[in-house]
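Reading through the structure tokens given below for one structure.
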2 protein chains.
Amino acid sequence: MQNQLCCQQCHFSQLCLPYSFELKEIEKLDDIIVRKNPYHRRQRLFEAGQPLHSLYAVRSGSFKSFILSEDGQEQITAFHLPGDVIGFDAIHNKTHPSFAEALETSMVCELPYSSLDELGEMFPKLRQQLSRTMSGMLCQNQEALMVLNKYTANERLSHFLASLGHRFGDRGFSPTSFRLSMTRSEIGNYLGLSIETVSRILTQLQKDGKISVEGKLINLLVPTLAD
Amino acid sequence: MQNQLCCQQCHFSQLCLPYSFELKEIEKLDDIIVRKNPYHRRQRLFEAGQPLHSLYAVRSGSFKSFILSEDGQEQITAFHLPGDVIGFDAIHNKTHPSFAEALETSMVCELPYSSLDELGEMFPKLRQQLSRTMSGMLCQNQEALMVLNKYTANERLSHFLASLGHRFGDRGFSPTSFRLSMTRSEIGNYLGLSIETVSRILTQLQKDGKISVEGKLINLLVPTLAD
DNA sequence: CGTGCGGTTGAAGTTTATCAAGGATGGTGG
DNA sequence: CCACCATCCTTGATAAACTTCAACCGCACG
């Protein structure tokens with residue numbers, strides 16, 4: 001295993017599972033992690049219906065999670081950046097209810113769930129971190145509910161961009177200048193808006209001087225968005 | 001402690017934490033549980049900002065969870081029926097991000113989080129059950145996202161009623177005939193609809209012969225709703 | 001060099017919110 | 001026991017936000 005791939009060396013470990021771990025614990029975690037080859041755009045980590053085998057921590061790139069309705073419509077439920085762990089929703093039935101798909105060329109660390117479970121037996125901190133992470137996802141979902149129910153299209157998109165910027169900032173990237181790895185269609189799907197509305201509001205925000213848009217490149221120009 | 005209040009005797013234990021526990025484990029869980037006096041309509045289990053002290057299992061009655069936006073708007077994030085456990089969202093920051101409020105006279109079992117944590121040390125099944133429950137809540141939230149993003153007002157309300165009926169059925173009540181413990185306004189808040197739309201669609205569904213409505217009493221009349 | 005996908009923009013249409021008014025219900029105090 | 005008040009609910013008319021339909025541009029890729 002190459003050194004640069006260890007959790008200790010990983011840029012995002014403080015956002016990921018090893019948060020607040022001792023060295024010995026990190027080494028144990030490193031032992032169970034399977035570093036995978038890169039995933040390319042549209043390649044899937046898993047599909048709905050597959051048995052839970054592993055959770056996946058994003059190392060680089062980005063993913064979307066989505067579920068399908070009975071009539072086959074896609075509903076994107078989250079975008080995942082480096083440090084995020086994907087697949088917690090599968091613990092309930094030991095089966096993935098959702099799909100996870102790469103938005104661009106991306107790397108992941110595979111965390112076999114059975115190993116994680118065993119390791120949790122020994123390390124209370126790992127258990128706590130897993131609980132904390134899942135609880136945090138519940139909080140995010142509550143926020144998302146509010147955004148969809150109470151915000152206008154303009155507010156939803158502004159909030160989405162600000163939130164993305166914030167997440168990039170947490171990861172050591174610029175919080176105000178970034179590239180969208182998802183299409184307009186995927187943003188609209190996630191926010192409950194038509195692709196046309198997303199496009200229109202992006203140009204509107206640009207005309208208002210609040211952002212600059214160049215295709216997938218976004219610049220947040222006002223503090224209300226960059227906070 | 002009265003016998004009728006033990007987990008073994010509780011009608012809803014198979015939906016609640018003791019799911020799949022051994023007798024010995026249930027007894028231990030019983031030891032840490034604090035049975036509280038009834039809560040009355042509008043009384044709160046906890047408020048946003050309060051430190052996490054306990055989780056709460058609903059014994060009877062019902063509760064709503066909600067968060068407040070920056071400008072003080074309420075967003076209901078869940079309705080809780082007997083057997084549901086409330087407060088998982090507080091684990092992340094050891095602080096409640098949400099409020100929990102009784103919709104009617106209700107009983108709860110208080111589960112001090114520190115005791116639950118200690119007990120989890122000894123009983124892997126308890127840990128697994130906690131994980132399973134939180135994971136299940138993530139799945140529900142994903143479903144809710146789809147409902148809000150893809151369904152019309154009519155579909156949202158139909159889905160809401162069917163889902164409630166299903167949940168009542170799981171608890172041994174009639175899945176087709178029940179009393180709403182929440183107001184029209186609370187339903188609208190949860191589903192992202194105005195109170196007028198909720199009212200209109202309820203009468204519409206009644207005219208279509210799909211449900212009967214008598215104030216808070218609902219009857220689901222067609223299999224598409226009662227499934 | 002075409003073809004498909006992603007994106008933008010305009011015009012028309014639909015759904016749902018908002019505004020407004022009135023009716024029903026339930027709890028409280030005289 | 002009844003009158004009163006607040007809250008909840010219903011219904012109609014109007015208005016707004018967003019979707020849908022349609023046309024077009026640009027670019028990447030086979």
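Residue numbering restarts at 1 for every chain of the structure tokens, chains are lettered A, B, ... in their displayed order, and ligands are numbered from 1 as they appear.
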Counting only C-alpha atoms (C1' of nucleotides), which residues in chain B sit no more than 8 Å from chain D? For each one, give the nearest pair of atoms and the distance in Å, sorted by chain then residue number, as a Markdown table.
```
| residue | atom | partner | partner_atom | distance |
| --- | --- | --- | --- | --- |
| B:Thr183 | CA | D:DC8 | C1' | 7.6 |
| B:Arg184 | CA | D:DC9 | C1' | 7.9 |
| B:Glu196 | CA | D:DT10 | C1' | 7.9 |
| B:Ser199 | CA | D:DT10 | C1' | 6.8 |
| B:Arg200 | CA | D:DT10 | C1' | 7.7 |
```
Give me, as JSON lines, the closest atom pair and its distance (Å, one decimal) for every residue of chain A within a cut-off of 7 Å of chain B, counting only C-alpha atoms, rows sorted by chain and rising number.
```
{"residue": "A:Gln75", "atom": "CA", "partner": "B:Met146", "partner_atom": "CA", "distance": 5.9}
{"residue": "A:Thr77", "atom": "CA", "partner": "B:Gln142", "partner_atom": "CA", "distance": 6.1}
{"residue": "A:Phe88", "atom": "CA", "partner": "B:Ser135", "partner_atom": "CA", "distance": 6.0}
{"residue": "A:Asp89", "atom": "CA", "partner": "B:Ser135", "partner_atom": "CA", "distance": 4.8}
{"residue": "A:Ala90", "atom": "CA", "partner": "B:Ser135", "partner_atom": "CA", "distance": 6.9}
{"residue": "A:Ile91", "atom": "CA", "partner": "B:Ser135", "partner_atom": "CA", "distance": 5.7}
{"residue": "A:His92", "atom": "CA", "partner": "B:Arg132", "partner_atom": "CA", "distance": 4.3}
{"residue": "A:Arg132", "atom": "CA", "partner": "B:His92", "partner_atom": "CA", "distance": 4.3}
{"residue": "A:Thr133", "atom": "CA", "partner": "B:His92", "partner_atom": "CA", "distance": 6.7}
{"residue": "A:Met134", "atom": "CA", "partner": "B:Met134", "partner_atom": "CA", "distance": 6.9}
{"residue": "A:Ser135", "atom": "CA", "partner": "B:Asp89", "partner_atom": "CA", "distance": 4.8}
{"residue": "A:Gly136", "atom": "CA", "partner": "B:His92", "partner_atom": "CA", "distance": 5.1}
{"residue": "A:Leu138", "atom": "CA", "partner": "B:Asp89", "partner_atom": "CA", "distance": 5.7}
{"residue": "A:Cys139", "atom": "CA", "partner": "B:Asp89", "partner_atom": "CA", "distance": 5.7}
{"residue": "A:Asn141", "atom": "CA", "partner": "B:Asn141", "partner_atom": "CA", "distance": 6.5}
{"residue": "A:Gln142", "atom": "CA", "partner": "B:Thr77", "partner_atom": "CA", "distance": 6.1}
{"residue": "A:Leu145", "atom": "CA", "partner": "B:Leu145", "partner_atom": "CA", "distance": 7.0}
{"residue": "A:Met146", "atom": "CA", "partner": "B:Gln75", "partner_atom": "CA", "distance": 5.9}
{"residue": "A:Asn149", "atom": "CA", "partner": "B:Gly192", "partner_atom": "CA", "distance": 4.5}
{"residue": "A:Gly192", "atom": "CA", "partner": "B:Asn149", "partner_atom": "CA", "distance": 4.5}
```
*Write down, as a PyMOL selection string, each residue of chain B that has any atom within 10 Å of an atom of chain C, counting only C-alpha atoms (C1' of nucleotides).*
chain B and resi 152-153+193-197+215
N, CA, C and O atoms of the current selection, written as a PDB file, in the first residue's frame:
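Below you can see out_39.pdb, which holds the result:
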```pdb
ATOM      1  N   THR B 152     -47.415  16.042  -7.135  1.00  0.00           N
ATOM      2  CA  THR B 152     -48.336  17.180  -7.076  1.00  0.00           C
ATOM      3  C   THR B 152     -48.937  17.247  -5.674  1.00  0.00           C
ATOM      4  O   THR B 152     -48.758  16.332  -4.856  1.00  0.00           O
ATOM      5  N   ALA B 153     -49.656  18.330  -5.425  1.00  0.00           N
ATOM      6  CA  ALA B 153     -50.290  18.510  -4.122  1.00  0.00           C
ATOM      7  C   ALA B 153     -51.185  17.315  -3.799  1.00  0.00           C
ATOM      8  O   ALA B 153     -51.145  16.774  -2.695  1.00  0.00           O
ATOM      9  N   LEU B 193     -47.402  22.687   1.496  1.00  0.00           N
ATOM     10  CA  LEU B 193     -48.625  23.161   0.861  1.00  0.00           C
ATOM     11  C   LEU B 193     -49.293  24.176   1.778  1.00  0.00           C
ATOM     12  O   LEU B 193     -49.108  24.143   2.997  1.00  0.00           O
ATOM     13  N   SER B 194     -50.088  25.056   1.191  1.00  0.00           N
ATOM     14  CA  SER B 194     -50.840  25.985   2.023  1.00  0.00           C
ATOM     15  C   SER B 194     -51.999  25.241   2.664  1.00  0.00           C
ATOM     16  O   SER B 194     -52.485  24.223   2.158  1.00  0.00           O
ATOM     17  N   ILE B 195     -52.452  25.756   3.769  1.00  0.00           N
ATOM     18  CA  ILE B 195     -53.562  25.145   4.489  1.00  0.00           C
ATOM     19  C   ILE B 195     -54.801  25.056   3.599  1.00  0.00           C
ATOM     20  O   ILE B 195     -55.543  24.065   3.634  1.00  0.00           O
ATOM     21  N   GLU B 196     -55.013  26.070   2.761  1.00  0.00           N
ATOM     22  CA  GLU B 196     -56.179  26.059   1.865  1.00  0.00           C
ATOM     23  C   GLU B 196     -56.097  24.900   0.876  1.00  0.00           C
ATOM     24  O   GLU B 196     -57.097  24.236   0.600  1.00  0.00           O
ATOM     25  N   THR B 197     -54.898  24.671   0.353  1.00  0.00           N
ATOM     26  CA  THR B 197     -54.732  23.570  -0.593  1.00  0.00           C
ATOM     27  C   THR B 197     -55.001  22.230   0.080  1.00  0.00           C
ATOM     28  O   THR B 197     -55.653  21.349  -0.497  1.00  0.00           O
ATOM     29  N   GLY B 215     -63.950  15.981   9.814  1.00  0.00           N
ATOM     30  CA  GLY B 215     -63.053  16.716  10.698  1.00  0.00           C
ATOM     31  C   GLY B 215     -61.698  16.043  10.713  1.00  0.00           C
ATOM     32  O   GLY B 215     -61.011  15.975   9.686  1.00  0.00           O
TER      33      GLY B 215
END
```
*Those of segment 32-192 of chain B in DSSP alpha helix (DSSP H), formatted as a ChimeraX atom specification*: /B:32,113-122,124-150,153-170,184-191
*segment 1-218 of chain A: which residues are strand (DSSP E) by DSSP, as a ChimeraX atom specification?*
/A:34-35,44-46,54-60,63-68,74-80,85-86,99-102,107-112,177-179,211-214,217-218
_Selection: 8 Å around Leu55 of chain B, only C-alpha atoms (C1' of nucleotides), excl. self and same-chain fewer than 2 positions, as a PyMOL selection string_ = chain B and resi 52-53+57+85-88+110-113
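One distance worth recording is that between atom CA of Val34 of chain A and atom CA of Met107 of chain A, which is 11.2 Å.
Atom to atom, atom CA of Ser158 of chain A and atom CA of Glu101 of chain A stand 24.6 Å apart.
Pairwise distance (atom CA of Gly169 of chain B, atom CA of Thr203 of chain B) equals 23.9 Å.
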